[in-house]
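Dropping data.pdb in here (PDB, C-alpha atoms):
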MODEL        1
ATOM      1  CA  MET I   1       0.626 -20.441  10.920
ATOM      2  CA  ASN I   2       4.020 -21.586   9.657
ATOM      3  CA  ILE I   3       6.986 -19.314   8.920
ATOM      4  CA  GLU I   4       6.265 -18.913   5.215
ATOM      5  CA  ASP I   5       2.603 -18.069   5.820
ATOM      6  CA  THR I   6       3.659 -15.611   8.508
ATOM      7  CA  LEU I   7       6.058 -13.855   6.121
ATOM      8  CA  ILE I   8       3.315 -13.597   3.507
ATOM      9  CA  PHE I   9       0.939 -12.173   6.124
ATOM     10  CA  LEU I  10       3.459  -9.540   7.263
ATOM     11  CA  GLY I  11       3.933  -8.534   3.631
ATOM     12  CA  HIS I  12       0.254  -7.539   3.544
ATOM     13  CA  VAL I  13       0.667  -5.223   6.555
ATOM     14  CA  ASP I  14       1.180  -1.646   5.326
ATOM     15  CA  LEU I  15       3.915  -1.003   7.862
ATOM     16  CA  PHE I  16       6.097  -3.720   6.314
ATOM     17  CA  SER I  17       4.955  -3.401   2.701
ATOM     18  CA  LEU I  18       8.343  -2.113   1.510
ATOM     19  CA  LEU I  19      10.246  -5.095   2.917
ATOM     20  CA  SER I  20      11.371  -8.054   0.844
ATOM     21  CA  PRO I  21      10.608 -11.587   2.115
ATOM     22  CA  SER I  22      14.171 -11.963   3.395
ATOM     23  CA  GLU I  23      13.928  -8.644   5.250
ATOM     24  CA  ARG I  24      10.621  -9.654   6.822
ATOM     25  CA  ARG I  25      12.276 -12.883   7.973
ATOM     26  CA  VAL I  26      14.993 -10.886   9.735
ATOM     27  CA  LEU I  27      12.380  -8.627  11.353
ATOM     28  CA  LEU I  28      10.327 -11.591  12.552
ATOM     29  CA  ASP I  29      13.163 -12.609  14.867
ATOM     30  CA  THR I  30      12.647  -9.394  16.875
ATOM     31  CA  MET I  31       8.881  -9.806  17.255
ATOM     32  CA  ASN I  32       6.776 -11.784  19.698
ATOM     33  CA  PHE I  33       3.537 -13.656  19.067
ATOM     34  CA  VAL I  34       0.726 -13.604  21.634
ATOM     35  CA  GLU I  35      -2.658 -15.327  21.812
ATOM     36  CA  ILE I  36      -5.305 -13.488  23.829
ATOM     37  CA  GLU I  37      -8.795 -14.512  24.910
ATOM     38  CA  LYS I  38     -11.895 -12.420  24.251
ATOM     39  CA  GLY I  39     -12.416  -9.534  26.662
ATOM     40  CA  HIS I  40      -8.794  -9.204  27.726
ATOM     41  CA  VAL I  41      -7.518  -5.661  28.307
ATOM     42  CA  ILE I  42      -4.225  -5.324  26.436
ATOM     43  CA  PHE I  43      -3.553  -1.894  27.902
ATOM     44  CA  LYS I  44      -5.522   0.730  29.768
ATOM     45  CA  GLU I  45      -5.816   4.449  29.372
ATOM     46  CA  GLY I  46      -2.873   5.922  31.267
ATOM     47  CA  ASP I  47      -0.614   2.883  30.961
ATOM     48  CA  ARG I  48       2.913   3.548  29.731
ATOM     49  CA  GLY I  49       3.146   2.641  26.056
ATOM     50  CA  ASN I  50       6.206   1.229  24.312
ATOM     51  CA  THR I  51       4.836  -1.532  22.060
ATOM     52  CA  LEU I  52       3.577  -1.813  18.486
ATOM     53  CA  TYR I  53       0.799  -4.351  17.825
ATOM     54  CA  ILE I  54      -0.171  -6.137  14.601
ATOM     55  CA  VAL I  55      -3.446  -8.081  14.529
ATOM     56  CA  GLN I  56      -2.971 -11.491  12.932
ATOM     57  CA  SER I  57      -6.494 -12.747  13.673
ATOM     58  CA  GLY I  58      -9.502 -11.673  15.693
ATOM     59  CA  LYS I  59     -10.680  -8.152  16.526
ATOM     60  CA  VAL I  60      -9.389  -5.498  18.899
ATOM     61  CA  SER I  61     -11.308  -2.458  20.142
ATOM     62  CA  ILE I  62      -9.880   0.932  21.065
ATOM     63  CA  SER I  63     -12.121   2.869  23.434
ATOM     64  CA  LEU I  64     -12.047   6.030  25.504
ATOM     65  CA  ARG I  65     -13.729   6.815  28.798
ATOM     66  CA  LEU I  66     -15.799   9.988  28.455
ATOM     67  CA  SER I  67     -16.245  12.572  31.174
ATOM     68  CA  ASN I  68     -19.643  11.084  32.044
ATOM     69  CA  GLY I  69     -17.997   7.737  32.803
ATOM     70  CA  HIS I  70     -19.245   5.932  29.706
ATOM     71  CA  GLU I  71     -16.970   4.040  27.335
ATOM     72  CA  ARG I  72     -16.888   5.164  23.692
ATOM     73  CA  GLU I  73     -15.462   2.811  21.060
ATOM     74  CA  LEU I  74     -13.271   4.759  18.673
ATOM     75  CA  VAL I  75     -12.074   2.148  16.232
ATOM     76  CA  GLU I  76     -11.918  -1.582  15.657
ATOM     77  CA  PHE I  77      -8.785  -3.277  14.355
ATOM     78  CA  ALA I  78      -8.897  -6.596  12.502
ATOM     79  CA  SER I  79      -6.471  -8.895  10.709
ATOM     80  CA  GLY I  80      -3.640  -6.969   9.041
ATOM     81  CA  ASP I  81      -4.208  -3.765  11.011
ATOM     82  CA  PHE I  82      -1.524  -2.312  13.253
ATOM     83  CA  PHE I  83      -1.619   0.228  16.056
ATOM     84  CA  GLY I  84       0.586   1.793  18.678
ATOM     85  CA  GLU I  85       3.490   2.470  16.313
ATOM     86  CA  MET I  86       4.165   5.965  17.662
ATOM     87  CA  SER I  87       4.423   4.664  21.230
ATOM     88  CA  ILE I  88       7.774   3.149  20.293
ATOM     89  CA  PHE I  89       9.164   6.673  20.059
ATOM     90  CA  GLU I  90       6.940   8.540  22.518
ATOM     91  CA  ASN I  91       6.994   6.110  25.458
ATOM     92  CA  ALA I  92       4.060   8.188  26.733
ATOM     93  CA  PRO I  93       0.892   7.207  28.619
ATOM     94  CA  ARG I  94      -1.808   5.591  26.519
ATOM     95  CA  SER I  95      -4.721   7.865  25.639
ATOM     96  CA  ALA I  96      -7.228   5.036  25.299
ATOM     97  CA  THR I  97      -7.982   1.477  26.355
ATOM     98  CA  CYS I  98      -7.403  -1.551  24.138
ATOM     99  CA  THR I  99      -9.541  -4.690  24.561
ATOM    100  CA  THR I 100      -9.922  -7.873  22.523
ATOM    101  CA  LYS I 101     -13.441  -8.263  21.101
ATOM    102  CA  GLU I 102     -12.722 -11.831  20.014
ATOM    103  CA  HIS I 103     -10.159 -14.498  20.669
ATOM    104  CA  SER I 104      -7.197 -12.825  18.952
ATOM    105  CA  THR I 105      -3.611 -13.433  17.948
ATOM    106  CA  LEU I 106      -1.180 -10.546  17.651
ATOM    107  CA  PHE I 107       2.433  -9.850  16.828
ATOM    108  CA  THR I 108       4.171  -7.378  19.111
ATOM    109  CA  LEU I 109       7.299  -5.301  18.704
ATOM    110  CA  ARG I 110       8.708  -3.566  21.775
ATOM    111  CA  GLY I 111      10.478  -0.253  21.536
ATOM    112  CA  ASP I 112      13.763  -1.501  23.004
ATOM    113  CA  ALA I 113      13.827  -4.428  20.554
ATOM    114  CA  PHE I 114      13.133  -2.071  17.662
ATOM    115  CA  PHE I 115      15.996   0.272  18.559
ATOM    116  CA  GLN I 116      18.370  -2.687  18.734
ATOM    117  CA  PHE I 117      17.050  -3.659  15.315
ATOM    118  CA  VAL I 118      17.805  -0.141  14.042
ATOM    119  CA  GLU I 119      21.432  -0.534  15.095
ATOM    120  CA  SER I 120      21.881  -3.990  13.592
ATOM    121  CA  HIS I 121      19.760  -3.553  10.432
ATOM    122  CA  PRO I 122      19.561   0.171   9.646
ATOM    123  CA  TYR I 123      18.596  -0.275   5.991
ATOM    124  CA  ILE I 124      15.534  -2.375   6.847
ATOM    125  CA  ALA I 125      14.632  -0.091   9.751
ATOM    126  CA  ILE I 126      14.635   2.945   7.451
ATOM    127  CA  LYS I 127      11.931   1.322   5.331
ATOM    128  CA  ILE I 128       9.792   0.633   8.385
ATOM    129  CA  MET I 129      10.260   4.142   9.768
ATOM    130  CA  TYR I 130       9.309   5.587   6.383
ATOM    131  CA  ARG I 131       5.943   3.848   6.687
ATOM    132  CA  MET I 132       5.675   4.990  10.307
ATOM    133  CA  LEU I 133       6.150   8.592   9.239
ATOM    134  CA  ASN I 134       3.058   8.261   7.074
ATOM    135  CA  SER I 135       1.070   7.261  10.125
ATOM    136  CA  THR I 136       0.204  10.481  11.917
ATOM    137  CA  SER I 137       0.025  10.059  15.673
ATOM    138  CA  GLN I 138      -2.739  12.256  17.040
ATOM    139  CA  ARG I 139      -3.823  12.161  20.658
ATOM    140  CA  LEU I 140      -7.456  11.654  21.451
ATOM    141  CA  ARG I 141      -9.066  14.701  22.984
ATOM    142  CA  ASN I 142     -12.338  15.022  24.841
ATOM    143  CA  THR I 143     -13.522  18.605  25.325
ATOM    144  CA  ASP I 144     -17.066  19.199  26.578
ATOM    145  CA  GLU I 145     -17.894  15.619  25.538
ATOM    146  CA  PHE I 146     -16.924  16.365  21.914
ATOM    147  CA  LEU I 147     -14.926  13.443  20.558
ATOM    148  CA  SER I 148     -12.557  13.986  17.666
ATOM    149  CA  ASP I 149     -13.081  11.568  14.791
ATOM    150  CA  MET I 150      -9.327  11.141  14.531
ATOM    151  CA  VAL I 151      -7.852   8.085  16.237
ATOM    152  CA  GLN I 152      -4.607   8.261  18.220
ATOM    153  CA  TRP I 153      -2.713   6.190  15.684
ATOM    154  CA  GLY I 154      -3.904   8.273  12.752
ATOM    155  CA  GLU I 155      -5.068   5.373  10.576
ATOM    156  CA  LYS I 156      -7.438   7.521   8.506
ATOM    157  CA  ALA I 157      -4.966  10.369   8.231
ATOM    158  CA  ARG I 158      -2.223   7.999   7.152
ATOM    159  CA  LYS I 159      -4.343   6.477   4.404
ATOM    160  CA  ARG I 160      -5.437   9.884   3.132
ATOM    161  CA  ALA I 161      -1.810  10.984   2.934
ATOM    162  CA  VAL I 162      -0.696   8.208   0.606
ATOM    163  CA  THR I 163      -3.824   7.086  -1.254
ATOM    164  CA  ASP I 164      -5.953   8.423  -4.085
ATOM    165  CA  GLU I 165      -9.330   9.607  -2.841
ATOM    166  CA  LEU I 166     -11.342   8.306  -5.808
ATOM    167  CA  THR I 167      -9.876   4.828  -6.158
ATOM    168  CA  GLY I 168      -8.144   4.033  -2.871
ATOM    169  CA  VAL I 169      -4.907   3.011  -4.604
ATOM    170  CA  TYR I 170      -1.620   4.718  -3.787
ATOM    171  CA  ASN I 171      -1.161   8.262  -5.057
ATOM    172  CA  ARG I 172       1.710  10.061  -6.770
ATOM    173  CA  ARG I 173       3.085  11.293  -3.464
ATOM    174  CA  PHE I 174       3.556   7.743  -2.238
ATOM    175  CA  LEU I 175       5.039   6.581  -5.526
ATOM    176  CA  ASP I 176       7.535   9.434  -5.758
ATOM    177  CA  GLU I 177       8.742   8.778  -2.225
ATOM    178  CA  ALA I 178       8.650   4.974  -2.194
ATOM    179  CA  LEU I 179       9.806   3.994  -5.680
ATOM    180  CA  GLU I 180      13.437   4.629  -4.853
ATOM    181  CA  GLU I 181      13.131   2.299  -1.867
ATOM    182  CA  TYR I 182      11.781  -0.460  -4.088
ATOM    183  CA  PHE I 183      14.616   0.114  -6.533
ATOM    184  CA  ILE I 184      17.304   0.061  -3.839
ATOM    185  CA  SER I 185      15.802  -3.096  -2.370
ATOM    186  CA  SER I 186      15.897  -4.802  -5.780
ATOM    187  CA  LYS I 187      19.565  -3.901  -6.211
ATOM    188  CA  THR I 188      20.418  -5.070  -2.719
ATOM    189  CA  GLU I 189      18.536  -8.345  -3.105
ATOM    190  CA  GLN I 190      19.831  -8.736  -6.683
ATOM    191  CA  GLN I 191      16.280  -9.131  -7.917
ATOM    192  CA  ALA I 192      14.553  -7.851 -11.018
ATOM    193  CA  LEU I 193      12.110  -4.956 -10.811
ATOM    194  CA  SER I 194       9.605  -3.983 -13.499
ATOM    195  CA  LEU I 195       7.636  -0.786 -14.000
ATOM    196  CA  ILE I 196       4.448  -0.592 -16.026
ATOM    197  CA  MET I 197       3.266   2.856 -17.036
ATOM    198  CA  VAL I 198      -0.383   2.903 -18.031
ATOM    199  CA  ASP I 199      -2.592   5.456 -19.789
ATOM    200  CA  LEU I 200      -6.277   5.065 -20.575
ATOM    201  CA  ASP I 201      -6.805   5.496 -24.310
ATOM    202  CA  ASN I 202      -8.877   8.504 -25.426
ATOM    203  CA  PHE I 203      -9.874   9.316 -21.860
ATOM    204  CA  ARG I 204     -10.422  12.995 -22.681
ATOM    205  CA  ASP I 205     -12.913  11.956 -25.359
ATOM    206  CA  ILE I 206     -14.758   9.792 -22.837
ATOM    207  CA  ASN I 207     -15.088  12.736 -20.452
ATOM    208  CA  GLU I 208     -16.199  15.118 -23.206
ATOM    209  CA  THR I 209     -18.625  12.639 -24.810
ATOM    210  CA  TYR I 210     -20.289  11.648 -21.557
ATOM    211  CA  CYS I 211     -19.340  13.479 -18.346
ATOM    212  CA  THR I 212     -16.703  13.512 -15.629
ATOM    213  CA  ALA I 213     -18.858  11.209 -13.483
ATOM    214  CA  THR I 214     -18.706   8.624 -16.262
ATOM    215  CA  GLY I 215     -14.962   9.180 -16.484
ATOM    216  CA  ASP I 216     -14.716   8.511 -12.753
ATOM    217  CA  SER I 217     -16.697   5.290 -13.180
ATOM    218  CA  VAL I 218     -14.287   4.213 -15.894
ATOM    219  CA  ILE I 219     -11.295   4.921 -13.649
ATOM    220  CA  ILE I 220     -12.828   2.959 -10.785
ATOM    221  CA  SER I 221     -13.666   0.006 -13.052
ATOM    222  CA  VAL I 222     -10.127  -0.075 -14.436
ATOM    223  CA  VAL I 223      -8.654  -0.030 -10.939
ATOM    224  CA  GLU I 224     -10.830  -2.991  -9.977
ATOM    225  CA  VAL I 225      -9.255  -4.974 -12.804
ATOM    226  CA  PHE I 226      -5.792  -4.121 -11.499
ATOM    227  CA  ARG I 227      -6.796  -5.115  -7.978
ATOM    228  CA  LYS I 228      -7.986  -8.530  -9.169
ATOM    229  CA  LYS I 229      -5.013  -9.248 -11.407
ATOM    230  CA  LEU I 230      -2.061  -7.863  -9.454
ATOM    231  CA  ARG I 231      -0.279  -9.972  -6.857
ATOM    232  CA  PRO I 232      -0.104  -9.060  -3.149
ATOM    233  CA  GLN I 233       3.464  -7.755  -3.480
ATOM    234  CA  ASP I 234       2.675  -5.535  -6.474
ATOM    235  CA  VAL I 235       1.932  -1.830  -6.095
ATOM    236  CA  ILE I 236      -0.330   0.360  -8.202
ATOM    237  CA  ALA I 237      -0.410   4.137  -7.936
ATOM    238  CA  ARG I 238      -2.622   6.651  -9.679
ATOM    239  CA  TYR I 239      -0.035   9.034 -11.064
ATOM    240  CA  GLY I 240      -2.438  11.477 -12.745
ATOM    241  CA  GLY I 241      -6.014  11.706 -13.978
ATOM    242  CA  ASP I 242      -5.907   8.626 -16.196
ATOM    243  CA  GLU I 243      -2.277   7.674 -15.620
ATOM    244  CA  PHE I 244      -1.127   4.795 -13.465
ATOM    245  CA  THR I 245       2.212   3.285 -12.551
ATOM    246  CA  VAL I 246       2.532  -0.344 -11.466
ATOM    247  CA  VAL I 247       5.590  -1.568  -9.545
ATOM    248  CA  LEU I 248       6.349  -5.280  -9.844
ATOM    249  CA  PRO I 249       9.046  -6.407  -7.378
ATOM    250  CA  ASP I 250      11.135  -9.483  -8.222
ATOM    251  CA  THR I 251       9.658  -9.537 -11.753
ATOM    252  CA  GLY I 252      11.390  -9.519 -15.140
ATOM    253  CA  SER I 253      10.032  -8.082 -18.367
ATOM    254  CA  ARG I 254       8.566 -11.342 -19.724
ATOM    255  CA  GLU I 255       6.494 -12.008 -16.626
ATOM    256  CA  ALA I 256       5.534  -8.324 -16.461
ATOM    257  CA  LYS I 257       4.363  -8.357 -20.078
ATOM    258  CA  LYS I 258       2.265 -11.472 -19.542
ATOM    259  CA  LEU I 259       0.557  -9.851 -16.567
ATOM    260  CA  ALA I 260       0.092  -6.528 -18.381
ATOM    261  CA  GLU I 261      -1.415  -8.193 -21.448
ATOM    262  CA  ASP I 262      -3.883 -10.082 -19.260
ATOM    263  CA  ILE I 263      -4.897  -6.786 -17.637
ATOM    264  CA  CYS I 264      -5.148  -5.136 -21.061
ATOM    265  CA  ILE I 265      -7.571  -7.805 -22.279
ATOM    266  CA  CYS I 266      -9.710  -7.679 -19.131
ATOM    267  CA  ILE I 267     -10.018  -3.885 -19.297
ATOM    268  CA  GLU I 268     -11.124  -4.098 -22.936
ATOM    269  CA  GLN I 269     -13.897  -6.455 -21.822
ATOM    270  CA  LEU I 270     -15.368  -3.929 -19.362
ATOM    271  CA  ASP I 271     -18.966  -2.982 -20.210
ATOM    272  CA  VAL I 272     -19.058   0.273 -18.259
ATOM    273  CA  LEU I 273     -19.629   2.305 -21.475
ATOM    274  CA  GLU I 274     -21.736  -0.133 -23.486
ATOM    275  CA  LYS I 275     -24.978   0.617 -21.650
ATOM    276  CA  LEU I 276     -24.681   4.352 -22.413
ATOM    277  CA  ASN I 277     -25.392   3.851 -26.132
ATOM    278  CA  GLY I 278     -22.797   6.428 -27.118
ATOM    279  CA  PRO I 279     -20.096   6.481 -29.802
ATOM    280  CA  ILE I 280     -17.392   5.186 -27.429
ATOM    281  CA  THR I 281     -18.180   1.721 -26.120
ATOM    282  CA  ARG I 282     -14.805   0.267 -25.148
ATOM    283  CA  VAL I 283     -12.254   1.120 -22.490
ATOM    284  CA  THR I 284      -8.682   0.319 -23.477
ATOM    285  CA  THR I 285      -5.205   1.047 -22.178
ATOM    286  CA  SER I 286      -1.721   1.600 -23.516
ATOM    287  CA  GLN I 287       1.034   0.151 -21.332
ATOM    288  CA  GLY I 288       4.810   0.524 -21.392
ATOM    289  CA  ILE I 289       7.203  -1.762 -19.504
ATOM    290  CA  ALA I 290      10.817  -1.351 -18.439
ATOM    291  CA  SER I 291      12.753  -3.697 -16.159
ATOM    292  CA  TYR I 292      15.829  -3.494 -13.970
ATOM    293  CA  PRO I 293      18.535  -4.538 -14.777
ATOM    294  CA  GLU I 294      17.510  -5.522 -18.307
ATOM    295  CA  HIS I 295      16.750  -2.014 -19.554
ATOM    296  CA  ALA I 296      18.420   0.296 -17.047
ATOM    297  CA  ARG I 297      20.629   0.245 -13.983
ATOM    298  CA  ASN I 298      19.378   3.427 -12.353
ATOM    299  CA  LEU I 299      15.860   4.502 -11.451
ATOM    300  CA  LYS I 300      15.711   7.646 -13.569
ATOM    301  CA  ILE I 301      16.592   5.778 -16.773
ATOM    302  CA  LEU I 302      14.207   2.956 -15.826
ATOM    303  CA  GLN I 303      11.330   5.431 -15.584
ATOM    304  CA  GLU I 304      12.340   7.078 -18.849
ATOM    305  CA  LYS I 305      12.448   3.706 -20.601
ATOM    306  CA  ALA I 306       8.982   2.787 -19.335
ATOM    307  CA  ASP I 307       7.645   6.152 -20.461
ATOM    308  CA  GLN I 308       9.196   5.712 -23.913
ATOM    309  CA  ALA I 309       7.625   2.262 -24.193
ATOM    310  CA  LEU I 310       4.251   3.764 -23.254
ATOM    311  CA  TYR I 311       4.654   6.378 -25.994
ATOM    312  CA  ARG I 312       5.381   3.607 -28.512
ATOM    313  CA  ALA I 313       2.264   1.727 -27.404
ATOM    314  CA  LYS I 314       0.182   4.809 -28.126
ATOM    315  CA  HIS I 315       1.957   5.561 -31.395
ATOM    316  CA  GLU I 316       1.531   1.966 -32.632
ATOM    317  CA  GLY I 317      -2.241   2.015 -32.239
ATOM    318  CA  ARG I 318      -3.071   1.893 -28.506
ATOM    319  CA  ASN I 319      -4.710  -0.992 -26.620
ATOM    320  CA  ARG I 320      -1.412  -2.823 -26.359
ATOM    321  CA  VAL I 321       1.624  -3.534 -24.200
ATOM    322  CA  VAL I 322       5.125  -2.571 -25.339
ATOM    323  CA  ILE I 323       8.423  -3.495 -23.694
ATOM    324  CA  ALA I 324      11.276  -1.000 -23.676
ATOM    325  CA  ASP I 325      14.202  -1.323 -26.050
ATOM    326  CA  VAL I 326      17.131  -3.396 -24.830
ATOM    327  CA  ARG I 327      19.283  -1.486 -22.400
ATOM    328  CA  VAL I 328      22.129   0.688 -23.558
ATOM    329  CA  PRO I 329      24.806   0.470 -20.750
ATOM    330  CA  TYR I 330      24.578   3.283 -18.173
TER     331      TYR I 330
ENDMDL
END

Encoded form using structure tokens:
Amino acid sequence: MNIEDTLIFLGHVDLFSLLSPSERRVLLDTMNFVEIEKGHVIFKEGDRGNTLYIVQSGKVSISLRLSNGHERELVEFASGDFFGEMSIFENAPRSATCTTKEHSTLFTLRGDAFFQFVESHPYIAIKIMYRMLNSTSQRLRNTDEFLSDMVQWGEKARKRAVTDELTGVYNRRFLDEALEEYFISSKTEQQALSLIMVDLDNFRDINETYCTATGDSVIISVVEVFRKKLRPQDVIARYGGDEFTVVLPDTGSREAKKLAEDICICIEQLDVLEKLNGPITRVTTSQGIASYPEHARNLKILQEKADQALYRAKHEGRNRVVIADVRVPY
């Protein structure tokens, strides 16, 4: 894997999802790359831990020895997964054993290297630590052979904390906390940033005409369109019941509008309601776009501009994309 492919790969890892390509390049200099054969024990239960691991390829198993002497697999990590992040700070004995299930390649980041990175690149490190904070570190416990379903590195807990239960996309909590980081990064990198605010048209009528289960199916179908159309670096969050916000890093308003209009057309083509033979047969969206620095130079105004554009899209007939008015200097 060459450098560019590696940077793209790291961008897909949740831990580094807030970093720009140039920031990931800086981070890569502090990491090591290891290739490990199948069946190799990376660390054992009781070993001192001070390293974060990211699986680039292959599969890694985390297991615990029960009181009866048997091994119990707790979780399997595959490409893009990371584990051991809390050991950087704890430097405590490992609670479980880690073994490669296949020939695997991993990136590693040692605690001492990370703390040097904090000193030399504090702004980038803050972004990484923000993602770490969303990864709850919970020790494995074995009491009377009862095994907790929580893994030491808190992967499930972390995902529940920042994702919407119905759709699996990011939730409002994540967006409220992370959007400022995206905005600051865009200013620092001198890159454009676009927001798309999305509402489903007449969603209340859909729920009342059919049922909430149908409404949920509509939401899930719409999210699938976003998943297919958005790029790896883009972020979608479910902000409310039928409200979504899309963050498009390094993207101006023209490119954002082209993408939004494509999504708008694809959502209109969904057949999730057609088979119900009811009065509402189409799913449509209204979308408002605002871009930094074109429409605003601070985050609050950028959000307000996107919201105003969304209101115009609704007022002008729905099922359309509207770009915010040209920026008034702030």

Please list as a PyMOL selection string every residue within 12 Å of segment 233-236 of chain I, counting only C-alpha atoms and excluding residues in the same chain fewer than 5 positions away.
chain I and resi 7-14+16-21+162-164+167-172+174-175+178-179+182+193-198+222-228+243-251+256+259

Ranking I:Asp47, I:Asp325, I:Asp271, I:Asp199 by minimum distance to Glu294 of chain I and counting only C-alpha atoms, which one comes first?
I:Asp325

Rounded to one decimal in Å, what is the spacing between atom CA of Glu208 of chain I and atom CA of Arg282 of chain I?
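Pair atom CA of Glu208 of chain I / atom CA of Arg282 of chain I returns 15.0 Å.
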
Counting only C-alpha atoms, what is within 10 Å of Cys98 of chain I, bar same-chain residues fewer than 2 positions away, as number ranges by chain?
I: 39-45, 60-64, 73, 75-76, 94-96, 100-101

Please, what distance in Å, to one decimal, runs between atom CA of Ile289 of chain I and atom CA of Val326 of chain I?
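Computing the Euclidean distance for atom CA of Ile289 of chain I and atom CA of Val326 of chain I yields 11.4 Å.
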
Of the residues I:Ala213, I:Ile184, I:Leu15, I:Val283, which is the one nearest to Arg318 of chain I, using all atoms listed in the file?
I:Val283

Would you please work out which residue, of I:Ser286, I:Ser79, I:Ser221, I:Asn298, is nearest to Ala260 of chain I when using all atoms listed in the file?
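That would be I:Ser286, the residue with the smallest distance to Ala260 of chain I.
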
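Distances here use all atoms listed in the file; by that measure, the residue among I:Arg312, I:Pro279, I:Ile126, I:Met132 closest to Phe82 of chain I is I:Met132.
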